[in-house]
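A.B. asks: Pasting in a structure now, in structure tokens, and then I'll have a few things to ask.
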Amino acid sequence: MSKHVINVTVNGEAHAVEVPAKRLLADFLRDDLLLTGTKRGCETGTCGACSVLIDGEVVKSCLNLAVQADGRSVTTVEGLGQGTNLHPLQTSFMEQGGLQCGYCTPGFLMAAHDLLSRNPSPSEEEIREGLSGNLCRCTGYQGIVDSVKNAAEKMHGR
Amino acid sequence: MNSPIVGKAVPQVTALEKIQGRAIYTGDLKQPGMLHAKVLRGPYPHARIVRIDTSQAVALPGVKAVVTGADTPTRLWGVAHKQQRILATGKVRFAGEEVAAVAAISEDIARDALDLIEIEYEELPALLDPARALEAEAPQVHDGHDNRVKEIRIARGDVEAGFAAADLVHEATYELHSQYPGYMEPMATLASVDGNGRLTVWTSTQSVFLARARLAEALDRPVSSIRVIQAMVGGGFGGKIVEERSSLIAAFLATRVNRPVRLVNNRLEDFQSGCFSVPCRLWLKMGMTKDGTITAKDVRILANSGAYAGLAPEVMLVTAMRSDNMHRLENVRSAADLVYTNTMPRGAFRGFGGTQMAFALNSHLSVMADKLGLDPFEVHRRNAIRAGETSVHGWQFGSTGLRECLDQVQAGIGWEAKRRRPKDTGVRQRGLGMAAAMHVSGNRTLGNWDGSTVVLRVNEDGRAFIASGESDMGQGANTMMAQICADELGIPLSHVTVLPPDTDTSPFALGSLASRVTINGGKAVLQAAQQAKTQILDAASGLLGCPADDLEIDQGVVRSRTKSNATAALPQVCRYHVFRHGGEGILVRATYDPPTKMMDADHYGNIAPGYSFAAQAVEVEVDTETGQVTLLNSCLADDCGKAINPMAVHGQTNGAAVQAIGWALYEHLQFEDGRLANGNFADYTMPTADSVPHLQASIVESNEPNGPLGAKGASETAILPGAPAIANAIEDAIGVRITELPITPEKILAGLRAKREGGHA
């Protein structure tokens, strides 16, 4: 198994690490960097629990190899906001019933972040469309849609 | 009571760690020296295991253990039927049954080792069709035992007289399929044996104590030699209660290698080892008078248990009789048979058998209402049971919000106005449908007790810790308990910590099943908090020189109701209590065992302290060219007694609604020669955000006398009415009655074709 040294920035921190060529980005984040907020739910790119941002765009980290992140910047849920410095999406998900079991939540937060960066004031239909790459089994999506709408309003002062 | 917290839509107490990605689920846990486990499954639905050769797998560098059925304890485990070992021995009874397992230093090596295990099978004739199970020449799933798992016969009143008194008698057969729970966190377990030989198991479970009992039985070791700790659980829906198998394999491997072993299912493995709902064929005949009064109900059920019994007998009992209790019925009869087949084991799933009958009953009532020119809402209202009444099976109702649920969804969907509009005639045709259902809140039949115990401690800083064995699997149980406690003690919600269930330190509990945690666990919290409050006020009485009954706690301060200067902050009072009681802090225990009855041999008796109701109305649009069904609107009302947390109740209601939409329209387990062919989320299609409409959820507060502050269960009832409401709306739209789930475009188009060709509609 060939190995490669990659230079990747994760949540603002630069890493130069050697990884096996077949190492999935999801496993690299979870097992090598111990960023377990990124979840594994299907391994086939359908559930979206492993969604992260690469250079600001959402990707499914189970469908990407770690080497594909070489020279790029990765943001995981841990990089979205921590402690008293939470992203409006995070507070909205708490306040509007955007989560229950929480397993899909990191992925939804990253997908929603990507959506709002492209479309700061999405309609309910656009939110549903924009989040259709992620699965949730607890909320029926209504709380998640409400949370994203609420976060958009907070972020744009409406 | 002043209630600043109960009744408020506060965030879950687990929300902060979850939105930061810092909630720790079992698959996130790591320990020094930890090994990774993988499981080899049999490829045939029915085969004799002739020979197993593990030598090559054992020789693979990095492999620390390879185990097969022969290595496992001979003691059999199971719910009521003891019939399984940790790994299959002798033969496999369903495709996917676990036959061998590997522990290795990495998941990759463990997976590679599976490929090196050689197993020779002799295929046996497989019983795949439950309808053939009781034929004399059918293959036997369990040697020396016929394929009947359970037979239920219930008859009350005079069913034939009821039919004779009816103006309309209708009968139909329904096919209700199996649903995968689809929790987002695949099953995961970390097991470790310490230097003293004690086994500790961190696992994703709805019940640590039932998990411990199962581990003790399957591993054939004393209960007290095992500790089970619940990590954060990523959803359960019934699949993580007592039928779950992979935790047993992880724990068994840990006992063989004396190193921690983690077994995390990938999604395919979770489909293969998961617990699915019980599919059945259900024949229903009902009689009704012109005014909509139900005069008789007769039902025959053939249900498929899969290869093992598990909880399926109890599930089928629910299908056979639960829905009878929501109406004032007198003449009912059920004949239900549960059979083994060479398919995956089926059992507990949200609704616990209720969804199957709810579909048939509500489909039936809609058809009969149409034929009699009645509104189905009126039919439900006319027959609805009332608070204070006892049902045909002996269930006693302290609260019923059925009629209020019906009122809310009828208004919410705009039923009257939309029913009056002219029928659509174009390619896309809209229709309205409704359904109603009931569920238990708690269930004494689990062991002739249903109680819940809480240990509550108030520390010297005035903050509370709740130890309960009841489980939060994401539904918000911990938040519910914390809210009740905080209000009763007069402290902020953030000053209450609910400890994770741990069999070494939590009081015994059944866990999260049968919608029992709010009504029983919540009541135990309330009682414990009342006791703690008494101790606090007694201590404050000594401190302040005021009688205890003159004192109250408000926002963390004990104050006199009559003397304005007599106040003491809770930390001061709690420290005083420690000093005055020889170092004993405030520590109380309360048990609530509801005043219910074990049902008798004839299934008669008031089994639950409360019963929840729900009604739903939906509007669909059917594309008559493609057969596609689109849900346009959904209104779902849940009678939860009292919403301790309205946001959590809405979350349960909406989640249940979408799970029901999935069961009705999208989710469809496909088998080829008994093998699951679509064990992944691309091919087993659960609803996505863009496949469901904006959902309207509403709450009915019927104030249950047995419940804490009037509350009862709010987690399962809401899944019951969705599928029949959709089927009823489809018939309203296009005149096609679908009786077999799921409702696929192919079935819609076939129904439209049959209608055009002058067949039945």
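Labels for the structure tokens follow display order: chains A, B, ..., residues from 1 in each chain, ligands from 1.
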Contacts of Ser399 (chain B) at 8 Å or less, counting only C-alpha atoms, minus same-chain residues fewer than 2 places along, as a ChimeraX atom specification?
C.D. replies: /B:386-388,397,401,610-611,641,702-705
A.B. asks: If you run DSSP on the backbone here, which positions in region 276-335 of chain B get helix (DSSP H, G or I)? Please write them as a VMD selection string.
C.D. replies: chain B and resid 312 to 326
A.B. asks: Could those residues be written to a file, using N, CA and C atoms, as an mmCIF file, in the first residue's frame?
C.D. replies:
```cif
data_model
loop_
_atom_site.group_PDB
_atom_site.id
_atom_site.type_symbol
_atom_site.label_atom_id
_atom_site.label_comp_id
_atom_site.auth_asym_id
_atom_site.auth_seq_id
_atom_site.Cartn_x
_atom_site.Cartn_y
_atom_site.Cartn_z
ATOM 1 N N ALA B 312 -41.695 -10.926 18.553
ATOM 2 C CA ALA B 312 -42.775 -10.976 17.562
ATOM 3 C C ALA B 312 -44.100 -11.486 18.135
ATOM 4 N N PRO B 313 -44.112 -12.469 19.079
ATOM 5 C CA PRO B 313 -45.420 -12.875 19.632
ATOM 6 C C PRO B 313 -46.143 -11.716 20.320
ATOM 7 N N GLU B 314 -45.395 -10.895 21.051
ATOM 8 C CA GLU B 314 -46.010 -9.756 21.735
ATOM 9 C C GLU B 314 -46.453 -8.697 20.727
ATOM 10 N N VAL B 315 -45.669 -8.544 19.663
ATOM 11 C CA VAL B 315 -46.051 -7.597 18.607
ATOM 12 C C VAL B 315 -47.371 -8.028 17.979
ATOM 13 N N MET B 316 -47.483 -9.334 17.690
ATOM 14 C CA MET B 316 -48.703 -9.807 17.021
ATOM 15 C C MET B 316 -49.924 -9.652 17.933
ATOM 16 N N LEU B 317 -49.721 -9.828 19.231
ATOM 17 C CA LEU B 317 -50.840 -9.625 20.157
ATOM 18 C C LEU B 317 -51.372 -8.193 20.036
ATOM 19 N N VAL B 318 -50.472 -7.257 19.903
ATOM 20 C CA VAL B 318 -50.877 -5.855 19.752
ATOM 21 C C VAL B 318 -51.685 -5.680 18.469
ATOM 22 N N THR B 319 -51.199 -6.270 17.383
ATOM 23 C CA THR B 319 -51.939 -6.187 16.120
ATOM 24 C C THR B 319 -53.340 -6.778 16.301
ATOM 25 N N ALA B 320 -53.406 -7.851 17.068
ATOM 26 C CA ALA B 320 -54.671 -8.583 17.186
ATOM 27 C C ALA B 320 -55.718 -7.858 18.015
ATOM 28 N N MET B 321 -55.318 -7.009 18.966
ATOM 29 C CA MET B 321 -56.349 -6.483 19.859
ATOM 30 C C MET B 321 -56.244 -5.015 20.273
ATOM 31 N N ARG B 322 -55.093 -4.363 20.086
ATOM 32 C CA ARG B 322 -54.955 -3.036 20.691
ATOM 33 C C ARG B 322 -55.959 -2.033 20.138
ATOM 34 N N SER B 323 -56.132 -1.989 18.833
ATOM 35 C CA SER B 323 -56.981 -0.943 18.252
ATOM 36 C C SER B 323 -58.437 -1.090 18.691
ATOM 37 N N ASP B 324 -58.841 -2.289 19.140
ATOM 38 C CA ASP B 324 -60.226 -2.476 19.603
ATOM 39 C C ASP B 324 -60.573 -1.532 20.743
ATOM 40 N N ASN B 325 -59.539 -1.124 21.490
ATOM 41 C CA ASN B 325 -59.784 -0.380 22.717
ATOM 42 C C ASN B 325 -60.080 1.095 22.504
ATOM 43 N N MET B 326 -59.865 1.590 21.297
ATOM 44 C CA MET B 326 -60.108 3.026 21.119
ATOM 45 C C MET B 326 -61.557 3.324 20.774
#
```
A.B. asks: Apply DSSP to the structure's backbone, then extract all residues of chain A labelled strand (DSSP E or B) and return them as a count of residues only.
C.D. replies: 31
A.B. asks: Find the nearest atom pair between each residue of chain B and chain A for residues within 7 Å, count only C-alpha atoms, give distances in Å to one decimal, sort rows by chain and ascending number, and present the table as a Markdown table.
C.D. replies:
```
| residue | atom | partner | partner_atom | distance |
| --- | --- | --- | --- | --- |
| B:Pro11 | CA | A:Glu95 | CA | 5.4 |
| B:Ala15 | CA | A:Met94 | CA | 5.6 |
| B:Lys18 | CA | A:Gly102 | CA | 5.4 |
| B:Ile19 | CA | A:Gln90 | CA | 5.6 |
| B:Gln20 | CA | A:Glu78 | CA | 5.8 |
| B:Gly21 | CA | A:Gly37 | CA | 3.8 |
| B:Arg22 | CA | A:Gly37 | CA | 5.9 |
| B:Asp28 | CA | A:Thr36 | CA | 6.0 |
| B:Gly182 | CA | A:Arg137 | CA | 6.6 |
| B:Tyr183 | CA | A:Arg137 | CA | 5.9 |
| B:Met184 | CA | A:Gly41 | CA | 6.0 |
| B:Glu185 | CA | A:Gly41 | CA | 6.1 |
| B:Pro186 | CA | A:Gly41 | CA | 6.6 |
| B:Val233 | CA | A:Cys101 | CA | 6.6 |
| B:Gly234 | CA | A:Cys101 | CA | 4.8 |
| B:Gly235 | CA | A:Cys101 | CA | 5.5 |
| B:Asn266 | CA | A:Cys42 | CA | 6.5 |
| B:Arg267 | CA | A:Cys42 | CA | 4.9 |
| B:Met473 | CA | A:Cys101 | CA | 6.3 |
| B:Gly474 | CA | A:Cys101 | CA | 3.4 |
| B:Gln475 | CA | A:Gln100 | CA | 5.9 |
| B:Gly476 | CA | A:Gln100 | CA | 6.9 |
| B:Met647 | CA | A:Gly97 | CA | 6.1 |
| B:Gly651 | CA | A:Thr139 | CA | 5.1 |
| B:Gln652 | CA | A:Thr139 | CA | 6.8 |
| B:Asn654 | CA | A:Gly140 | CA | 4.8 |
| B:Gly655 | CA | A:Gly140 | CA | 3.9 |
| B:Ala657 | CA | A:Gly140 | CA | 6.8 |
| B:Val658 | CA | A:Gly140 | CA | 5.1 |
| B:Phe681 | CA | A:Thr46 | CA | 6.0 |
| B:Ala682 | CA | A:Thr46 | CA | 6.1 |
| B:Thr688 | CA | A:Ser132 | CA | 5.5 |
| B:Ala689 | CA | A:Arg128 | CA | 4.9 |
| B:Asp690 | CA | A:Arg128 | CA | 4.6 |
| B:His694 | CA | A:Gln142 | CA | 6.7 |
| B:Leu695 | CA | A:Gln142 | CA | 6.5 |
```
A.B. asks: Write the residues of the preceding selection, restricted to C-alpha atoms, as a short mmCIF file (atom, residue, chain, number, x, y, z; two decimals), in the first residue's frame.
C.D. replies:
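Produced file again.cif, reproduced below:
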```cif
data_model
loop_
_atom_site.label_atom_id
_atom_site.label_comp_id
_atom_site.auth_asym_id
_atom_site.auth_seq_id
_atom_site.Cartn_x
_atom_site.Cartn_y
_atom_site.Cartn_z
CA PRO B 11 -33.54 22.71 23.88
CA ALA B 15 -28.21 19.62 22.43
CA LYS B 18 -24.53 17.37 19.82
CA ILE B 19 -24.29 20.60 17.81
CA GLN B 20 -20.58 20.88 18.57
CA GLY B 21 -19.91 17.35 17.36
CA ARG B 22 -18.79 16.45 20.87
CA ASP B 28 -16.40 7.13 18.81
CA GLY B 182 -33.33 3.14 9.96
CA TYR B 183 -31.79 4.84 13.00
CA MET B 184 -28.87 6.90 11.73
CA GLU B 185 -26.31 5.37 14.09
CA PRO B 186 -25.60 1.79 13.04
CA VAL B 233 -27.58 6.61 21.28
CA GLY B 234 -28.20 7.63 17.69
CA GLY B 235 -31.80 6.49 17.48
CA ASN B 266 -21.54 -0.62 8.63
CA ARG B 267 -24.94 0.04 7.09
CA MET B 473 -32.13 7.35 22.64
CA GLY B 474 -32.57 10.79 21.13
CA GLN B 475 -36.24 11.26 21.91
CA GLY B 476 -35.52 13.64 24.78
CA MET B 647 -40.70 21.03 20.94
CA GLY B 651 -40.21 16.35 17.04
CA GLN B 652 -41.65 12.95 17.89
CA ASN B 654 -43.04 14.90 12.84
CA GLY B 655 -40.47 12.11 12.91
CA ALA B 657 -45.17 11.11 10.41
CA VAL B 658 -42.21 10.80 8.07
CA PHE B 681 -29.78 3.68 1.80
CA ALA B 682 -29.53 4.15 -1.96
CA THR B 688 -35.61 12.92 2.38
CA ALA B 689 -36.42 16.52 3.27
CA ASP B 690 -37.60 17.30 -0.25
CA HIS B 694 -44.26 21.15 5.52
CA LEU B 695 -45.68 19.15 8.43
#
```
A.B. asks: Set the distance at 6 Å and use only C-alpha atoms: which residues neighbour Gly394 (chain B) once local chain neighbours fewer than 4 positions away are removed? I'd like the list as a count of residues only.
C.D. replies: 4
A.B. asks: Work out how far CA of Leu669 (chain B) is from CA of Ser441 (chain B), in Å to one decimal.
C.D. replies: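 Distance reported for this atom pair: 29.6 Å.
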A.B. asks: What's the 7 Å shell around region 151-156 of chain A, counting only C-alpha atoms, without same-chain residues fewer than 4 positions away, as a list of chain:residue names?
C.D. replies: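 Once the nearby chain positions are removed, what remains is A:Pro88, A:Leu89, A:Ser92, A:Leu116, A:Pro120, A:Ser121, A:Ser147.
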A.B. asks: Create the file for the chosen residues now, containing C-alpha atoms and written as a compact mmCIF listing (two decimals), in the first residue's frame.
C.D. replies:
```txt
# COMPACT_ATOMS: atom_id res chain seq x y z
CA PRO A 88 -25.89 30.75 14.26
CA LEU A 89 -26.78 27.42 12.63
CA SER A 92 -30.74 27.56 15.75
CA LEU A 116 -26.56 29.37 3.14
CA PRO A 120 -28.36 33.34 2.11
CA SER A 121 -32.17 33.56 2.20
CA SER A 147 -33.63 25.79 12.16
```
A.B. asks: Using only C-alpha atoms, which protein or nucleic acid residues come within 7 Å of region 12-27 of chain A? Drop anything in the same chain fewer than 3 positions from it, and give the result as number ranges by chain.
C.D. replies: A: 1-9, 30-31, 50, 61-62, 64-67
A.B. asks: Convert the current residue selection to file output with C-alpha atoms, as a CSV table (one decimal), in the first residue's frame.
C.D. replies:
```
chain,number,residue,atom,x,y,z
A,1,MET,CA,0.0,0.0,0.0
A,2,SER,CA,1.6,3.2,-1.1
A,3,LYS,CA,1.6,6.1,1.3
A,4,HIS,CA,1.5,9.8,0.6
A,5,VAL,CA,2.4,12.9,2.6
A,6,ILE,CA,-0.5,15.4,2.5
A,7,ASN,CA,-0.6,19.0,3.6
A,8,VAL,CA,-4.1,19.7,4.7
A,9,THR,CA,-5.6,22.4,6.9
A,30,ARG,CA,-12.1,10.4,12.8
A,31,ASP,CA,-9.3,8.0,13.5
A,50,CYS,CA,-20.1,12.5,7.2
A,61,SER,CA,-16.0,12.5,3.5
A,62,CYS,CA,-16.8,8.8,3.0
A,64,ASN,CA,-13.4,11.2,-0.7
A,65,LEU,CA,-9.9,10.0,0.0
A,66,ALA,CA,-7.7,11.8,2.4
A,67,VAL,CA,-5.2,12.5,-0.4
```
A.B. asks: Quick one: residues within 10 Å of Glu57 (chain A), only C-alpha atoms counted, chain neighbours fewer than 2 positions away excluded, as a count of residues only?
C.D. replies: 15
A.B. asks: What is the distance, in Å and to one decimal place, between CA of Pro547 (chain B) and CA of Arg561 (chain B)?
C.D. replies: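 Computing the Euclidean distance for CA of Pro547 (chain B) and CA of Arg561 (chain B) yields 10.4 Å.
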A.B. asks: Rounded to one decimal place, report the CA of Leu544 (chain B)-CA of Ala528 (chain B) distance in Å.
C.D. replies: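 Between CA of Leu544 (chain B) and CA of Ala528 (chain B) the gap is 23.9 Å.
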A.B. asks: I want to know what sits within 10 Å of Gly662 (chain B), based on only C-alpha atoms, with residues of the same chain fewer than 6 positions away left out; could you give that as a PDB file with N, CA and C atoms, in the first residue's frame?
C.D. replies:
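Writing done, so here's out05.pdb:
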```
ATOM      1  N   GLN B 179     -40.656  -3.090   8.010  1.00  0.00           N
ATOM      2  CA  GLN B 179     -39.907  -1.833   7.916  1.00  0.00           C
ATOM      3  C   GLN B 179     -38.615  -1.937   8.719  1.00  0.00           C
ATOM      4  N   ALA B 656     -42.323  10.674  13.450  1.00  0.00           N
ATOM      5  CA  ALA B 656     -43.209   9.523  13.250  1.00  0.00           C
ATOM      6  C   ALA B 656     -43.975   9.663  11.939  1.00  0.00           C
ATOM      7  N   HIS B 668     -39.017  -0.324   1.035  1.00  0.00           N
ATOM      8  CA  HIS B 668     -39.479  -1.625   0.558  1.00  0.00           C
ATOM      9  C   HIS B 668     -38.310  -2.600   0.574  1.00  0.00           C
ATOM     10  N   TYR B 684     -32.797   1.168  -0.386  1.00  0.00           N
ATOM     11  CA  TYR B 684     -33.879   1.187   0.602  1.00  0.00           C
ATOM     12  C   TYR B 684     -34.107   2.656   0.898  1.00  0.00           C
ATOM     13  N   THR B 685     -35.131   3.224   0.261  1.00  0.00           N
ATOM     14  CA  THR B 685     -35.210   4.682   0.166  1.00  0.00           C
ATOM     15  C   THR B 685     -36.071   5.274   1.272  1.00  0.00           C
ATOM     16  N   MET B 686     -35.397   5.789   2.296  1.00  0.00           N
ATOM     17  CA  MET B 686     -36.099   6.502   3.356  1.00  0.00           C
ATOM     18  C   MET B 686     -36.383   7.926   2.874  1.00  0.00           C
ATOM     19  N   PRO B 687     -37.459   8.531   3.360  1.00  0.00           N
ATOM     20  CA  PRO B 687     -37.812   9.866   2.882  1.00  0.00           C
ATOM     21  C   PRO B 687     -36.704  10.886   3.151  1.00  0.00           C
ATOM     22  N   THR B 688     -36.531  11.797   2.214  1.00  0.00           N
ATOM     23  CA  THR B 688     -35.606  12.916   2.377  1.00  0.00           C
ATOM     24  C   THR B 688     -36.424  14.194   2.617  1.00  0.00           C
ATOM     25  N   SER B 691     -38.849  15.187  -0.046  1.00  0.00           N
ATOM     26  CA  SER B 691     -39.913  14.262  -0.444  1.00  0.00           C
ATOM     27  C   SER B 691     -41.124  14.364   0.480  1.00  0.00           C
ATOM     28  N   VAL B 692     -41.047  15.249   1.453  1.00  0.00           N
ATOM     29  CA  VAL B 692     -42.179  15.410   2.366  1.00  0.00           C
ATOM     30  C   VAL B 692     -42.548  16.894   2.434  1.00  0.00           C
ATOM     31  N   GLY B 722     -50.489   7.479   9.793  1.00  0.00           N
ATOM     32  CA  GLY B 722     -49.992   8.034   8.535  1.00  0.00           C
ATOM     33  C   GLY B 722     -50.295   7.200   7.308  1.00  0.00           C
ATOM     34  N   ALA B 723     -49.933   5.926   7.347  1.00  0.00           N
ATOM     35  CA  ALA B 723     -50.090   5.092   6.143  1.00  0.00           C
ATOM     36  C   ALA B 723     -51.557   4.947   5.728  1.00  0.00           C
ATOM     37  N   PRO B 742     -45.841  -1.574   0.190  1.00  0.00           N
ATOM     38  CA  PRO B 742     -45.969  -0.132   0.041  1.00  0.00           C
ATOM     39  C   PRO B 742     -46.775   0.243  -1.188  1.00  0.00           C
TER      40      PRO B 742
END
```
A.B. asks: When distances are computed from only C-alpha atoms, which of B:Asp593, B:Glu416, B:Glu217, B:Asp602 shows the smallest separation from Val392 (chain B)?
C.D. replies: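 Selected residue with least distance to Val392 (chain B): B:Asp602.
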A.B. asks: Go through B:Thr518, B:Thr624, B:Gln410, B:Asn265 and flag the residue nearest Val427 (chain B), using only C-alpha atoms for the distances.
C.D. replies: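 Closest candidate: B:Thr624.
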